Protein chains: 2
Amino acid sequence: MAERGSGRNRPRNAFYAQSGGVSAVINASACGVIETARRHRGRIGKVYAGRHGILGALHEDLIDTGKESVADIRALRHTPGGAFGSARYKLAGIDKNLAEYTRLIEVFKAHDIGYFFYNGGNDSMDTAQKVAEIGRKLGYPLTCIGIPKTVDNDLPITDCCPGFGSAAKYVAVSTREAALDIASMARTSTKVFVLEVMGRHAGWIAAAAGLAARSSADAPHLILFPEVAFDRQKVLAKVQATVERRGFCVIVVSEGVRDADGRFLAEGGTRDAFGHAQLGGVGPLVAEMTRAALGYKFHWAVADYLQRSARHIVSAVDVEQAYAVGRAAVEFALAGRNAVLPVIVRKSSSPYRWTIGEAPLAAIANKEKKVPRSFISADGFGITAACRRYLAPLIGGEDYPPYRGGLPDYVELKGVAVPKRLKRPFVL
Amino acid sequence: MAERGSGRNRPRNAFYAQSGGVSAVINASACGVIETARRHRGRIGKVYAGRHGILGALHEDLIDTGKESVADIRALRHTPGGAFGSARYKLAGIDKNLAEYTRLIEVFKAHDIGYFFYNGGNDSMDTAQKVAEIGRKLGYPLTCIGIPKTVDNDLPITDCCPGFGSAAKYVAVSTREAALDIASMARTSTKVFVLEVMGRHAGWIAAAAGLAARSSADAPHLILFPEVAFDRQKVLAKVQATVERRGFCVIVVSEGVRDADGRFLAEGGTRDAFGHAQLGGVGPLVAEMTRAALGYKFHWAVADYLQRSARHIVSAVDVEQAYAVGRAAVEFALAGRNAVLPVIVRKSSSPYRWTIGEAPLAAIANKEKKVPRSFISADGFGITAACRRYLAPLIGGEDYPPYRGGLPDYVELKGVAVPKRLKRPFVL
């Protein structure tokens with residue numbers, strides 16, 4: 001690396017990027033990375049963040065986190081969304097798209113970046129793995145460390161994914177609260193309430209709604225998982241039995257619920273006879289189905305982004321874990337590890353004890369962990385005691401943001417750009 | 001009242017009922033009523049609550065709140081929904097439905113009820129007013145006091161309505177949070193986010209979303225009020241300009257938004273060519289409209305019951321006011337007032353100071369307060385400084401419920417029934 005000349009004894013810089021759907025706590029991971037790097041200034045130079053994730057690297061659009069105050073970096077811990085911008089952008093295979101990988105290395109080289117921290121889900125771990133490979137192939141020394149994140153909780157190996165616990169808490173709390181509302185009104189008004197939650201392929205968030213119930217009589221009365229084929233007759237029978245017995249029925253449905261042929265339920269209903277797109281998601285679809293068949297007055301809610309950005313009701317455990325994987329990523333890099341990521345290892349459920357472990361990026365990349373059958377009750381509509389034991393600790397503890405004027409005081413970073421060093425812009 | 005015989009010197013009992021849509025703080029009003037009555041045992045005997053509101057009175061289905069512990073009554077202050085059950089049931093005019101009014105008096109007489117506390121919106125104040133009249137006509141001495149409640153904030157005279165401040169805070173917080181999410185993702189993903197909120201006739205809740213913005217550049221970029229006729233071209237132009245300028249656009253739409261002919265927008269889209277009901281609300285409708293015309297990727301959320309049951313993120317001011325109107329109702333009754341209700345009187349906005357005033361039921365009944373034009377910005381898509389001054393104090397302060405195992409610890413009352421004294425059941 002003689003070409004870096006005078007920089008030879010200077011510590012190399014780090015690049016950090018957020019990838020994919022953001023969460024209420026992904027910035028807590030960023031906080032963990034930046035604060036930890038700042039504690040090791042002798043070994044890590046600047047921390048540059050990609051503006052809009054990996055696109056920031058490709059476009060040489062880097063944010064100098066060194067321009068942010070200690071207080072503002074600390075405030076990332078309580079600020080939702082992706083403070084540097086995220087991107088839904090998956091790099092193709094190296095053979096198919098060598099130009100992008102070469103460009104990444106070119107940008108890293110220009111800014112003396114020796115550490116690559118990539119904060120995302122399974123797609124992103126795949127990208128990080130490939131960046132590690134290309135660095136090796138091109139003879140550019142680069143330490144690539146993943147940082148797990150996804151509200152969907154579908155990464156393998158790690159016991160849970162930072163971001164999930166908070167979405168889970170939001171959904172469990174909201175289900176408990178809405179159920180009290182419906183219970184009040186059911187005598188003369190709404191009998192069926194449907195809450196649609198995220199989880200395109202795995203029903204972890206839907207499962208978390210089950211935590212709202214203190215007993216088997218409590219809401220939610222039906223959880224519809226992507227892992228269980230939707231059976232219209234069975235669902236309707238259960239709804240009817242619940243309304244007759246309890247006076248009302250609360251259904252939590254995962255956006256990814258599918259029929260026996262594996263088609264998304266929402267997709268089935270997305271076009272009418274004229275080919276016009278239907279407007280509703282699967283929540284309104286299920287609600288309307290119960291009305292058409294059983295005549296019950298219904299209401300439905302679709303939480304959408306609210307459930308993954310609700311920093312005001314995060315799980316304290318989740319915040320702590322999100323910070324911890326950020327910190328551990330830097331510590332792994334300093335320990336000379338490469339092409340790995342920190343994962344959450346559960347030591348015990350009650351009392352809840354966890355620690356940070358290490359896994360190779362290749363083991364996480366492009367794999368999905370679904371809700372196992374042993375976590376879903378026999379009738380397919382609820383969670384088992386084993387599932388409850390797994391989920392309960394993950395929503396543990398409250399960690400409120402500071403408020404000003406009745407609203408959470410979230411930080412907006414300055415986002416100062418690092419001066420460009422390359423002449424050539426990159427066209428995606 | 002000689003027929004009450006030995007009860008002559010016993011204090012008369014009170015009846016309390018919840019009416020219409022519940023809120024995150026209506027139980028705080030119940031708490032105010034019951035705790036205050038308990039402090040005046042020499043003058044108010046038992047407090048009976050109607051199970052499912054006024055239906056409980058008609059069916060002689062009364063709950064003896066005296067069987068609930070001090071701690072459980074206190075816990076009502078932090079429990080959402082309607083702890084005794086509410087009802088959407090409006091008594092018709094006395095001339096049209098004398099039987100129901102007569103029945104009420106019959107039940108009140110049987111249980112020596114001398115105080116009628118009715119906790120609801122403008123319809124309920126009308127009912128309370130009529131009950132006061134019929135009591136007078138039938139020579140049954142009855143003190144009728146209303147207790148204001150509605151998340152819609154549409155009651156006249158009172159500066160604001162208990163329940164509104166918390167829904168407002170939920171919507172403002174959620175808008176700020178979701179906007180951070182979208183800002184992170186907009187470069188490669190969602191460009192338009194639509195949040196549908198409650199408010200069938202008045203746009204107060206939608207207006208509250210405007211508090212999320214710290215500057216004119218901030219989300220929400222468009223608020224669609226029921227008070228402003230929906231102008232498709234103008235909306236689309238503003239959405240396009242916002243996406244081009246800011247990279248994304250956040251829209252908050254009131255469920256009650258109407259076109260220039262006064263038709264609900266959501267209603268217009270509720271049936272397809274076959275007469276099938278459309279599933280979506282106005283939120284998905286507006287989102288789809290922007291996609292169809294401008295091609296933007298969108299997401300939408302419908303908060304529905306979540307916004308009015310979210311006790312976890314209530315306004316401390318709202319909780320205090322909800323409790324205060326419950327307490328004041330009992331104090332008014334003890335002071336010999338009749339056919340009145342306590343209202344919130346604003347003394348100053350900054351610092352926020354308020355007190356309890358008194359208004360006749362007749363002045364509130366069946367009237368609606370809409371968002372005045374002076375509170376809506378010139379282009380019809382935002383709130384003015386005057387609106388902000390009005391709204392800001394109402395979301396002030398946090399008042400978190402206690403948590404157990406990561407979830408709010410809401411109380412479930414025993415709800416012990418008062419033994420029936422009448423032979424005849426009542427058929428509605």
# chains A, B, ... in the order shown; residues from 1 in each chain; ligands from 1
$ select_by_dssp --residues "region 286-324 of chain B" --states "strand (DSSP E or B)" --output "PyMOL selection string"
chain B and resi 298-302+315
$ closest_atom_pairs --of "chain A" --to "chain B" --cutoff "6 Å" --atoms "only C-alpha atoms" --output "tab-separated table"
residue	atom	partner	partner_atom	distance
A:Gly81	CA	B:Asp181	CA	4.2
A:Gly82	CA	B:Ser184	CA	5.1
A:Gly85	CA	B:Ser184	CA	4.1
A:Ser86	CA	B:Ser184	CA	5.3
A:Ala87	CA	B:Thr188	CA	5.6
A:Arg88	CA	B:Thr188	CA	5.7
A:Glu177	CA	B:Ser309	CA	5.4
A:Ala178	CA	B:Leu306	CA	5.7
A:Leu180	CA	B:Gly81	CA	5.0
A:Asp181	CA	B:Gly81	CA	4.2
A:Ser184	CA	B:Gly85	CA	4.1
A:Met185	CA	B:Ser86	CA	5.5
A:Thr188	CA	B:Ala87	CA	5.6
A:Leu279	CA	B:Gly280	CA	5.4
A:Gly280	CA	B:Gly280	CA	4.4
A:Pro284	CA	B:Leu279	CA	5.5
A:Ala301	CA	B:Val302	CA	5.1
A:Val302	CA	B:Val302	CA	5.0
A:Ala303	CA	B:Ala301	CA	5.4
A:Asp304	CA	B:Ala301	CA	5.3
A:Tyr305	CA	B:Ala178	CA	5.8
A:Leu306	CA	B:Ala178	CA	5.7
A:Ser309	CA	B:Glu177	CA	5.4
A:Ile395	CA	B:Gly406	CA	5.3
A:Gly396	CA	B:Gly406	CA	4.3
A:Gly397	CA	B:Gly406	CA	5.3
A:Gly406	CA	B:Gly396	CA	4.3
$ closest_residue --among "A:Asp399, A:Val192, A:Pro141, A:Thr36" --to "Asp318 (chain A)" --atoms "only C-alpha atoms"
A:Asp399
$ residues_around --residues "Phe264 (chain A)" --least-positions-apart "2" --cutoff "12 Å" --atoms "only C-alpha atoms" --output "PyMOL selection string"
chain A and resi 199-201+225-230+254-262+266-270+281-282+285
$ residues_around --residues "Tyr101 (chain B)" --least-positions-apart "3" --cutoff "7 Å" --atoms "only C-alpha atoms" --output "PyMOL selection string"
chain B and resi 94+98+104-105+131+134
$ write_last_selection --atoms "N, CA and C atoms" --output "short mmCIF file (atom, residue, chain, number, x, y, z; two decimals), in the first residue's frame"
data_model
loop_
_atom_site.label_atom_id
_atom_site.label_comp_id
_atom_site.auth_asym_id
_atom_site.auth_seq_id
_atom_site.Cartn_x
_atom_site.Cartn_y
_atom_site.Cartn_z
N ILE B 94 -88.18 12.32 22.97
CA ILE B 94 -89.09 11.85 24.02
C ILE B 94 -90.46 11.52 23.45
N LEU B 98 -91.12 7.47 24.28
CA LEU B 98 -91.34 7.73 25.70
C LEU B 98 -90.99 6.50 26.55
N LEU B 104 -85.87 4.25 31.83
CA LEU B 104 -84.69 4.77 32.53
C LEU B 104 -85.05 5.24 33.93
N ILE B 105 -86.12 6.02 33.99
CA ILE B 105 -86.53 6.56 35.29
C ILE B 105 -86.95 5.42 36.23
N VAL B 131 -82.87 13.31 29.32
CA VAL B 131 -83.11 12.58 30.57
C VAL B 131 -83.42 13.57 31.69
N ILE B 134 -87.08 14.61 31.19
CA ILE B 134 -88.08 13.61 31.53
C ILE B 134 -88.17 13.41 33.04
#
$ residues_around --residues "Ile205 (chain A)" --least-positions-apart "5" --cutoff "8 Å" --atoms "only C-alpha atoms" --output "list of chain:residue names"
A:Val151, A:Asp152, A:Asn153, A:Phe164, A:Ala167, A:Ala168, A:Val171, A:Val197, A:Met198, A:Gly199, A:Ser254
$ write_last_selection --atoms "N, CA and C atoms" --output "short mmCIF file (atom, residue, chain, number, x, y, z; two decimals), in the first residue's frame"
data_model
loop_
_atom_site.label_atom_id
_atom_site.label_comp_id
_atom_site.auth_asym_id
_atom_site.auth_seq_id
_atom_site.Cartn_x
_atom_site.Cartn_y
_atom_site.Cartn_z
N VAL A 151 -36.47 -5.88 10.88
CA VAL A 151 -37.68 -6.02 11.70
C VAL A 151 -38.33 -7.38 11.46
N ASP A 152 -38.01 -8.01 10.33
CA ASP A 152 -38.66 -9.28 9.99
C ASP A 152 -38.15 -10.46 10.82
N ASN A 153 -37.01 -10.29 11.48
CA ASN A 153 -36.43 -11.33 12.36
C ASN A 153 -36.15 -12.63 11.61
N PHE A 164 -36.32 -6.07 15.33
CA PHE A 164 -37.51 -6.90 15.51
C PHE A 164 -38.19 -6.67 16.85
N ALA A 167 -40.44 -3.63 16.80
CA ALA A 167 -41.65 -3.83 15.99
C ALA A 167 -42.60 -4.77 16.73
N ALA A 168 -42.01 -5.79 17.35
CA ALA A 168 -42.81 -6.77 18.10
C ALA A 168 -43.53 -6.10 19.27
N VAL A 171 -46.41 -3.92 18.02
CA VAL A 171 -47.57 -4.70 17.59
C VAL A 171 -48.29 -5.33 18.79
N VAL A 197 -50.01 -6.54 9.77
CA VAL A 197 -48.64 -6.23 10.17
C VAL A 197 -47.66 -6.71 9.12
N MET A 198 -46.42 -6.30 9.25
CA MET A 198 -45.39 -6.64 8.28
C MET A 198 -44.94 -8.09 8.41
N GLY A 199 -44.18 -8.53 7.45
CA GLY A 199 -43.66 -9.91 7.43
C GLY A 199 -44.06 -10.58 6.14
N SER A 254 -50.55 -11.25 8.92
CA SER A 254 -49.26 -10.90 8.33
C SER A 254 -49.48 -10.56 6.86
#
$ select_by_dssp --residues "region 78-294 of chain A" --states "alpha helix (DSSP H)" --output "ChimeraX atom specification"
/A:98-110,122-137,164-185,204-209,232-246,265-268,282-294
$ residues_around --residues "region 122-126 of chain A" --least-positions-apart "4" --cutoff "8 Å" --atoms "only C-alpha atoms" --output "number ranges by chain"
A: 19-20, 90, 118, 130, 146, 155, 361-362, 364-368
$ write_last_selection --atoms "C-alpha atoms" --output "mmCIF file, in the first residue's frame"
data_model
loop_
_atom_site.group_PDB
_atom_site.id
_atom_site.type_symbol
_atom_site.label_atom_id
_atom_site.label_comp_id
_atom_site.auth_asym_id
_atom_site.auth_seq_id
_atom_site.Cartn_x
_atom_site.Cartn_y
_atom_site.Cartn_z
ATOM 1 C CA SER A 19 -29.169 -1.072 3.809
ATOM 2 C CA GLY A 20 -32.738 -2.127 3.101
ATOM 3 C CA LYS A 90 -28.586 -5.279 -4.239
ATOM 4 C CA TYR A 118 -22.635 -3.012 6.371
ATOM 5 C CA LYS A 130 -18.874 -10.296 -1.998
ATOM 6 C CA GLY A 146 -21.776 -7.170 8.753
ATOM 7 C CA LEU A 155 -31.948 -14.049 9.706
ATOM 8 C CA LEU A 361 -21.239 -13.616 6.547
ATOM 9 C CA ALA A 362 -21.617 -16.582 4.195
ATOM 10 C CA ILE A 364 -26.277 -15.616 6.985
ATOM 11 C CA ALA A 365 -26.380 -14.411 3.393
ATOM 12 C CA ASN A 366 -29.597 -15.058 1.481
ATOM 13 C CA LYS A 367 -31.126 -17.379 4.051
ATOM 14 C CA GLU A 368 -34.486 -16.986 5.784
#
$ atom_distance --atom1 "CA of Val70 (chain B)" --atom2 "CA of Arg38 (chain B)"
9.7 Å
$ residues_around --residues "Ala386 (chain B)" --least-positions-apart "5" --cutoff "12 Å" --atoms "only C-alpha atoms" --output "list of chain:residue names"
B:Ala207, B:Leu211, B:Ser349, B:Val371, B:Pro372, B:Arg373, B:Ser374, B:Phe375, B:Ile376, B:Ser377, B:Leu391, B:Ala392
$ write_last_selection --atoms "N, CA and C atoms" --output "mmCIF file, in the first residue's frame"
data_model
loop_
_atom_site.group_PDB
_atom_site.id
_atom_site.type_symbol
_atom_site.label_atom_id
_atom_site.label_comp_id
_atom_site.auth_asym_id
_atom_site.auth_seq_id
_atom_site.Cartn_x
_atom_site.Cartn_y
_atom_site.Cartn_z
ATOM 1 N N ALA B 207 -55.285 17.796 11.418
ATOM 2 C CA ALA B 207 -54.547 19.034 11.679
ATOM 3 C C ALA B 207 -53.389 18.784 12.641
ATOM 4 N N LEU B 211 -48.312 19.242 13.601
ATOM 5 C CA LEU B 211 -47.366 19.527 14.691
ATOM 6 C C LEU B 211 -46.054 18.780 14.513
ATOM 7 N N SER B 349 -52.258 30.324 26.080
ATOM 8 C CA SER B 349 -51.669 29.233 25.291
ATOM 9 C C SER B 349 -50.206 28.998 25.638
ATOM 10 N N VAL B 371 -62.773 22.640 11.998
ATOM 11 C CA VAL B 371 -61.526 23.404 11.972
ATOM 12 C C VAL B 371 -61.802 24.700 11.199
ATOM 13 N N PRO B 372 -61.590 25.857 11.858
ATOM 14 C CA PRO B 372 -61.896 27.122 11.163
ATOM 15 C C PRO B 372 -60.917 27.384 10.020
ATOM 16 N N ARG B 373 -61.360 28.131 9.039
ATOM 17 C CA ARG B 373 -60.514 28.425 7.873
ATOM 18 C C ARG B 373 -59.217 29.108 8.279
ATOM 19 N N SER B 374 -59.287 29.891 9.365
ATOM 20 C CA SER B 374 -58.080 30.607 9.807
ATOM 21 C C SER B 374 -57.011 29.665 10.364
ATOM 22 N N PHE B 375 -57.384 28.416 10.586
ATOM 23 C CA PHE B 375 -56.415 27.422 11.077
ATOM 24 C C PHE B 375 -55.789 26.631 9.928
ATOM 25 N N ILE B 376 -56.313 26.833 8.723
ATOM 26 C CA ILE B 376 -55.841 26.069 7.561
ATOM 27 C C ILE B 376 -55.083 27.025 6.645
ATOM 28 N N SER B 377 -53.908 26.610 6.200
ATOM 29 C CA SER B 377 -53.066 27.494 5.388
ATOM 30 C C SER B 377 -53.759 27.853 4.070
ATOM 31 N N LEU B 391 -53.147 24.017 19.028
ATOM 32 C CA LEU B 391 -52.958 22.569 19.188
ATOM 33 C C LEU B 391 -51.790 22.187 20.105
ATOM 34 N N ALA B 392 -50.697 22.945 19.993
ATOM 35 C CA ALA B 392 -49.445 22.516 20.644
ATOM 36 C C ALA B 392 -49.604 22.156 22.123
#
$ closest_residue --among "B:Arg12, B:Ala335, B:Tyr323, B:Val47" --to "Gly163 (chain B)" --atoms "only C-alpha atoms"
B:Tyr323
$ atom_distance --atom1 "CA of Ala322 (chain B)" --atom2 "CA of Ala219 (chain A)"
26.8 Å
$ atom_distance --atom1 "CA of Phe117 (chain B)" --atom2 "CA of Ala71 (chain B)"
22.1 Å
